[in-house]
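What follows is a single structure, written as structure tokens, with notes after it.
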Amino acid sequence: MNYRHAFHAGNFADCLKHALVVWLLRAMQRKATPLRVLDTHAGIGQYDLSAPEAQRTGEWLGGIGRLLDGPEEPALADYLALVRAAGAPALYPGSPALVRALLRPGDHLLACELHPEDHALLRARFRGDAQVAVHLRDAWEALRALTPFPEKRGLVLVDPPFEQEGEFDRMAAGVALVNHRFRAAVQACWYPIKHRAPVRAFHAALKDSGVRDIVAAELWLREPTDPTRLNGCGLLVVNPPWQFEAEGGAMLAALLRRLGNREVGEGSAMLRIADE
Ligand SMILES: C[S@@+](CC[C@H](N)C(=O)[O-])C[C@H]1O[C@@H](n2cnc3c(N)ncnc32)[C@H](O)[C@@H]1O
């Protein structure tokens with residue numbers, strides 16, 4: 001396990017994922033009944049943007065650094081307020097910290113992290129918090145072991161590092177498994193767009209799996225033709241709450257306005273992969 005999210009925290013991919021996850025949770029909380037979030041690849045929950053890792057890549061400067069600087073986009077205001085409250089621009093919150101900030105008294109977070117050091121940091125972060133459970137556990141095994149939720153509603157967030165072959169296949173199988181075990185779950189799965197072919201195959205595999213009601217929110221900063229670069233990314237959502245396509249689409253457009261470089265070929269899209 002070589003991947004360390006500290007090098008990438010706050011980059012454009014984190015901004016897309018976190019802004020949309022905040023929207024999803026808020027939308028699910030329109031109902032008063034308690035919910036649970038399973039964050040399968042949780043990371044350490046908080047990143048120091050002045051640390052050598054973040055400074056070495058400088059990726060956050062093209063992501064949260066830009067969003068915090070200059071005129072604010074209304075569609076991103078909720079996400080940015082949470083990021084500021086978590087300590088930005090000195091610190092950037094990871095997905096479990098953002099989710100924790102949104103939990104209501106009856107809601108719960110299950111966070112899985114397989115890297116022993118990262119798991120220890122995450123566990124220390126939430127020690128004594130009765131609403132958060134941190135597991136040293138493989139994400140793909142957790143999808144089976146920890147679903148369905150006792151609350152019968154919730155969000156499953158899947159955010160693998162994509163450092164190993166077969167990650168798209170594992171993710172497609174995971175989505176189908178969760179959908180089979182826990183039909184009502186909202187699932188949100190992050191994926192890289194380096195070039196189009198693996199993404200198309202992933203979408204096709206999901207469509208063929210019979211899972212219904214799937215939308216993919218995508219943002220790309222240049223034509224995705226160079227397979228060695230992170231040209232864009234997407235968040236695939238199963239069972240999107242009402243108005244995700246419209247409001248998520250506005251968020252994608254805002255992200256593109258602030259994070260794009262006016263490059264030929266940049267863009268964003270809300271794609272319907274499978275109907276309800
Ligand atoms: C992209 S990072 C997660 C970032 C985090 N979700 C966030 O948004 O702040 C992926 C994380 O997954 C962990 N990881 C890799 N393979 C895993 C597995 N099979 N099960 C659980 N965690 C895994 C890595 O150690 C890394 O911390």
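Scheme for the structure tokens: letters A, B, ... for chains in order shown; per-chain residue numbers from 1; ligand numbers from 1 in order shown.
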*Determine which residues of stretch 22-248 of chain A receive a DSSP assignment of helix (DSSP H, G or I), computed from the backbone, and state them as a count of residues only.*
93
Taking only C-alpha atoms and all ligand atoms into account, produce a table as JSON lines in which each residue of chain A with an atom at most 7 Å from an atom of ligand 1 appears once, together with its shortest atom pair and the distance in Å to one decimal, ordered by chain and rising number.
{"residue": "A:Met1", "atom": "CA", "partner": "ligand 1", "partner_atom_place_in_ligand_line": "15 (C)", "distance": 6.5}
{"residue": "A:Tyr3", "atom": "CA", "partner": "ligand 1", "partner_atom_place_in_ligand_line": "24 (C)", "distance": 6.0}
{"residue": "A:Arg4", "atom": "CA", "partner": "ligand 1", "partner_atom_place_in_ligand_line": "27 (O)", "distance": 5.9}
{"residue": "A:His5", "atom": "CA", "partner": "ligand 1", "partner_atom_place_in_ligand_line": "2 (S)", "distance": 5.1}
{"residue": "A:Asp14", "atom": "CA", "partner": "ligand 1", "partner_atom_place_in_ligand_line": "8 (O)", "distance": 6.1}
{"residue": "A:His18", "atom": "CA", "partner": "ligand 1", "partner_atom_place_in_ligand_line": "8 (O)", "distance": 6.7}
{"residue": "A:Asp39", "atom": "CA", "partner": "ligand 1", "partner_atom_place_in_ligand_line": "6 (N)", "distance": 6.9}
{"residue": "A:Thr40", "atom": "CA", "partner": "ligand 1", "partner_atom_place_in_ligand_line": "21 (C)", "distance": 5.8}
{"residue": "A:His41", "atom": "CA", "partner": "ligand 1", "partner_atom_place_in_ligand_line": "12 (O)", "distance": 3.8}
{"residue": "A:Ala42", "atom": "CA", "partner": "ligand 1", "partner_atom_place_in_ligand_line": "6 (N)", "distance": 4.2}
{"residue": "A:Gly43", "atom": "CA", "partner": "ligand 1", "partner_atom_place_in_ligand_line": "27 (O)", "distance": 3.5}
{"residue": "A:Ile44", "atom": "CA", "partner": "ligand 1", "partner_atom_place_in_ligand_line": "27 (O)", "distance": 6.6}
{"residue": "A:Gly45", "atom": "CA", "partner": "ligand 1", "partner_atom_place_in_ligand_line": "9 (O)", "distance": 5.8}
{"residue": "A:Pro93", "atom": "CA", "partner": "ligand 1", "partner_atom_place_in_ligand_line": "9 (O)", "distance": 6.8}
{"residue": "A:Gly94", "atom": "CA", "partner": "ligand 1", "partner_atom_place_in_ligand_line": "9 (O)", "distance": 3.1}
{"residue": "A:Ser95", "atom": "CA", "partner": "ligand 1", "partner_atom_place_in_ligand_line": "9 (O)", "distance": 3.9}
{"residue": "A:Pro96", "atom": "CA", "partner": "ligand 1", "partner_atom_place_in_ligand_line": "9 (O)", "distance": 6.6}
{"residue": "A:Cys112", "atom": "CA", "partner": "ligand 1", "partner_atom_place_in_ligand_line": "21 (C)", "distance": 5.6}
{"residue": "A:Glu113", "atom": "CA", "partner": "ligand 1", "partner_atom_place_in_ligand_line": "22 (N)", "distance": 4.0}
{"residue": "A:Leu114", "atom": "CA", "partner": "ligand 1", "partner_atom_place_in_ligand_line": "22 (N)", "distance": 4.1}
{"residue": "A:His115", "atom": "CA", "partner": "ligand 1", "partner_atom_place_in_ligand_line": "25 (O)", "distance": 4.5}
{"residue": "A:Asp118", "atom": "CA", "partner": "ligand 1", "partner_atom_place_in_ligand_line": "27 (O)", "distance": 6.4}
{"residue": "A:Arg137", "atom": "CA", "partner": "ligand 1", "partner_atom_place_in_ligand_line": "21 (C)", "distance": 5.8}
{"residue": "A:Asp138", "atom": "CA", "partner": "ligand 1", "partner_atom_place_in_ligand_line": "20 (N)", "distance": 3.6}
{"residue": "A:Ala139", "atom": "CA", "partner": "ligand 1", "partner_atom_place_in_ligand_line": "20 (N)", "distance": 3.7}
{"residue": "A:Trp140", "atom": "CA", "partner": "ligand 1", "partner_atom_place_in_ligand_line": "19 (N)", "distance": 6.3}
{"residue": "A:Asp159", "atom": "CA", "partner": "ligand 1", "partner_atom_place_in_ligand_line": "6 (N)", "distance": 5.2}
{"residue": "A:Pro160", "atom": "CA", "partner": "ligand 1", "partner_atom_place_in_ligand_line": "10 (C)", "distance": 4.8}
{"residue": "A:Pro161", "atom": "CA", "partner": "ligand 1", "partner_atom_place_in_ligand_line": "1 (C)", "distance": 4.5}
Mind checking which residues fall within 12 Å of A:Ala204, counting only C-alpha atoms, ignoring those fewer than 2 positions away in the same chain, and posting them as a PDB file with C-alpha atoms, in the first residue's frame?
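The result, written out as out-v6.pdb:
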ATOM      1  CA  PHE A 168     -12.771  -0.408 -11.572  1.00  0.00           C
ATOM      2  CA  ASP A 169     -13.837  -4.071 -11.636  1.00  0.00           C
ATOM      3  CA  ALA A 172     -18.455  -2.299 -10.106  1.00  0.00           C
ATOM      4  CA  ALA A 197     -11.996   3.625 -22.292  1.00  0.00           C
ATOM      5  CA  PRO A 198     -11.846   2.274 -18.690  1.00  0.00           C
ATOM      6  CA  VAL A 199     -14.543   4.716 -17.596  1.00  0.00           C
ATOM      7  CA  ARG A 200     -16.877   3.670 -20.407  1.00  0.00           C
ATOM      8  CA  ALA A 201     -16.266   0.017 -19.537  1.00  0.00           C
ATOM      9  CA  PHE A 202     -17.047   0.740 -15.857  1.00  0.00           C
ATOM     10  CA  LEU A 206     -22.808  -1.251 -14.032  1.00  0.00           C
ATOM     11  CA  LYS A 207     -25.560  -0.867 -16.582  1.00  0.00           C
ATOM     12  CA  ASP A 208     -25.266  -4.585 -17.397  1.00  0.00           C
ATOM     13  CA  SER A 209     -25.291  -5.538 -13.719  1.00  0.00           C
ATOM     14  CA  GLY A 210     -28.944  -4.503 -13.507  1.00  0.00           C
ATOM     15  CA  VAL A 211     -28.433  -1.812 -10.856  1.00  0.00           C
ATOM     16  CA  ILE A 214     -27.321   5.569 -11.563  1.00  0.00           C
ATOM     17  CA  ARG A 272     -27.417   9.161 -16.580  1.00  0.00           C
ATOM     18  CA  ILE A 273     -25.972   5.641 -16.640  1.00  0.00           C
ATOM     19  CA  ALA A 274     -29.104   3.659 -15.727  1.00  0.00           C
TER      20      ALA A 274
END
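Across the structure, atom CA of A:Asp48 and atom CA of A:Tyr92 are spaced 6.5 Å apart.
Here atom CA of A:Pro116 and atom CA of A:Leu136 stand 7.2 Å from one another.
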*Which neighbours of stretch 257-267 of chain A fall inside 9 Å, counting only C-alpha atoms, when residues of the same chain fewer than 6 positions from it are skipped, and could you give them as JSON, numbers by chain?*
{"A": [12, 62, 63, 64, 66, 67, 73, 218, 219, 220, 221, 222, 223, 224, 231, 232]}
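Considering only C-alpha atoms, the residue among A:Ala130, A:Ala253, A:Ala101, A:Val237 positioned nearest to A:Leu24 is A:Val237.
You will find atom CA of A:Leu143 at 20.7 Å from atom CA of A:Pro192.
The closest residue to A:Ala250, picked from A:Pro148, A:Leu20, A:Leu121, A:Glu59 and counting only C-alpha atoms, is A:Leu20.
The shortest atom-to-atom distance to A:Met251, with only C-alpha atoms taken into account, belongs to A:Leu76 out of A:Leu103, A:Leu76, A:Leu38, A:Leu98.
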*Select, from A:Leu256, A:Leu82, A:Ala51, A:Val186, the residue with the minimum atom-to-atom distance to A:Met28, counting only C-alpha atoms.*
A:Val186
*Contacts of A:Val22 at 8 Å (only C-alpha atoms; same-chain gap of 3+ positions) as a ChimeraX atom specification*: /A:18-19,25-26,78-79,98-99
